[in-house]
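Chemist: Take this structure first; my questions come after.
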Amino acid sequence: MLSRRLIPSTAALVAFEAAARHSSFTLAADELNLTQGAVSRQVAQLEAQLGVPLFQRVRQRVVPTLAGQFYAEQVRDILARLGQAGAQAIAFESGSGSLGLAILPSFGARWLIPRMPDFFARHRDISINFSTRVRPIDPRAEGLDAAIMSALPPVPDLIRQRFMGEELVPVAAPALIGPNGPPRPADLARLPLLLQETRLDSWTLWFEAQGLKRPPGQPALVFEQFLLVIRAAVAGLGCALVPRFLVREELASGELVILPGRASPAETSYYLVYPANRKTYRPLTVFRDWLMEQGREPGGTPPKPA
């Protein structure tokens with residue numbers, strides 16, 4: 001267990017963080033409505049408690065040492081979390097509050113955000129702070145209430161709730177296909193492929209579902225986000241294998257067409273993932289119930305048990 005002697009007072013941390021940010025005890029004192037001497041004493045006590053110098057005195061300025069820079073970053077994060085925890089503690093009692101939510105960029109842009117006006121019309125007392133992640137995360141490690149992800153192995157004390165599945169479809173720009181119409185599945189072996197970096201095996205599985213093998217060395221472009229994959233497909237850079245709900249606009253406008261072929265056997269689901277100790281937090285429970293409802297609407301496949 002961490003020694004209590006290394007846990008300073010909040011007042012010392014606040015004074016230190018302000019001094020490190022301004023590189024000045026005077027400016028920190030002005031911000032905190034303290035005297036310059038009070039800030040200096042708080043920092044001196046903190047240095048004595050930790051046993052390391054946190055500042056170098058250079059002329060009229062105080063410059064954080066390497067240890068001070070590192071500690072300031074950690075303290076800044078800790079103070080932000082303390083403030084967030086206080087606000088959420090009040091929210092537990094009041095029923096209002098904010099939700100820190102990580103989302104997949106393409107999923108958010110094409111599916112979630114267009115639906116959010118409905119949520120906010122129903123729940124005007126709840127705000128949501130969105131951030132984007134491409135790869136699976138543990139919301140606890142990033143100080144978030146929840147995350148929407150398409151893949152995450154079971155993790156102790158994290159609840160996963162599946163709210164929607166997807167159907168992957170092969171698409172391409174009409175110009176890439178040419179005047180003879182959509183190519184047969186075997187013809188795609190001669191065309192460049194577009195891949196999303198967390199699903200590098202998707203085309204291999206699709207070819208196998210057609211009873212074919214993806215040729216070794218077939219040209220491919222890899223992108224971080226599905227939105228970039230889609231735009232590359234519209235530009236005629238190759239064939240893309242993407243969730244149908246992400247390309248509705250392009251299919252309706254004719255910028256992309258669906259290519260023939262059987263569906264890949266691999267199924268991806270979308271999950272709301274959150275810490276078990278947050279399951280009664282009202283902004284989360286309200287958003288979770290709304291999300292499950294949206295997953296049952298057209299454009300999302302009905303939820304199944306995780």
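Chain identifiers are assigned as A, B, and so on, following the order in which chains appear in the structure tokens; residues are numbered from 1 within each chain, and ligands are numbered from 1 in order of appearance.
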Quick one: everything within 9 Å of A:Leu79, counting only C-alpha atoms, minus sequence neighbours fewer than 5 positions away in the same chain. Send it as a PyMOL selection string.
Modeler: chain A and resi 10+13-14+74+84
Chemist: Stretch 63-234 of chain A: which residues are strand (DSSP E or B) by DSSP, as a ChimeraX atom specification?
Modeler: /A:63-64,97-103,126-132,146-149,158-165,168-172,193-196,220-223
Chemist: Tell me, as a PyMOL selection string, which residues lie within 12 Å of A:Val58, counting only C-alpha atoms; anything in the same chain fewer than 5 positions away does not count.
Modeler: chain A and resi 23-24+63-65
Chemist: Nearest residue to A:Phe223 out of A:Val62, A:Ser127, A:Leu284, A:Arg199, using only C-alpha atoms?
Modeler: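 Ranking A:Val62, A:Ser127, A:Leu284, A:Arg199 by distance to A:Phe223, first place goes to A:Arg199.
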Chemist: How would you write, as a list in words, the set of residues in stretch 155-216 of chain A that DSSP gives as helix (DSSP H, G or I)?
Modeler: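 DSSP-assigned helix (DSSP H, G or I) residues in stretch 155-216 of chain A: Pro174, Ala175, Leu176, Ile177, Pro185, Ala186, Asp187, Leu188, Ala189, Arg190, Ser202, Trp203, Thr204, Leu205, Trp206, Phe207, Glu208 and Ala209 of chain A.
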Chemist: Near A:Ala232, within 10 Å and counting only C-alpha atoms, which residues show up once chain neighbours fewer than 3 positions away are dropped, as a PyMOL selection string?
Modeler: chain A and resi 172-173+194+221+223+226-229+235-240
Chemist: Using only C-alpha atoms, which residues sit within 9 Å of A:Leu50 once same-chain residues fewer than 5 positions away are excluded, as JSON, numbers by chain?
Modeler: {"A": [5, 6, 7, 8, 45]}
Chemist: Ranking A:Gly211, A:Gly51, A:Pro174, A:Pro139 by minimum distance to A:Ile159 and counting only C-alpha atoms, which one comes first?
Modeler: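 Going through A:Gly211, A:Gly51, A:Pro174, A:Pro139 one by one, the smallest distance to A:Ile159 is for A:Pro139.
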Chemist: Tell me, as a PyMOL selection string, which residues lie within 10 Å of A:Ala18, counting only C-alpha atoms; anything in the same chain fewer than 6 positions away does not count.
Modeler: chain A and resi 24-32+39+72+76
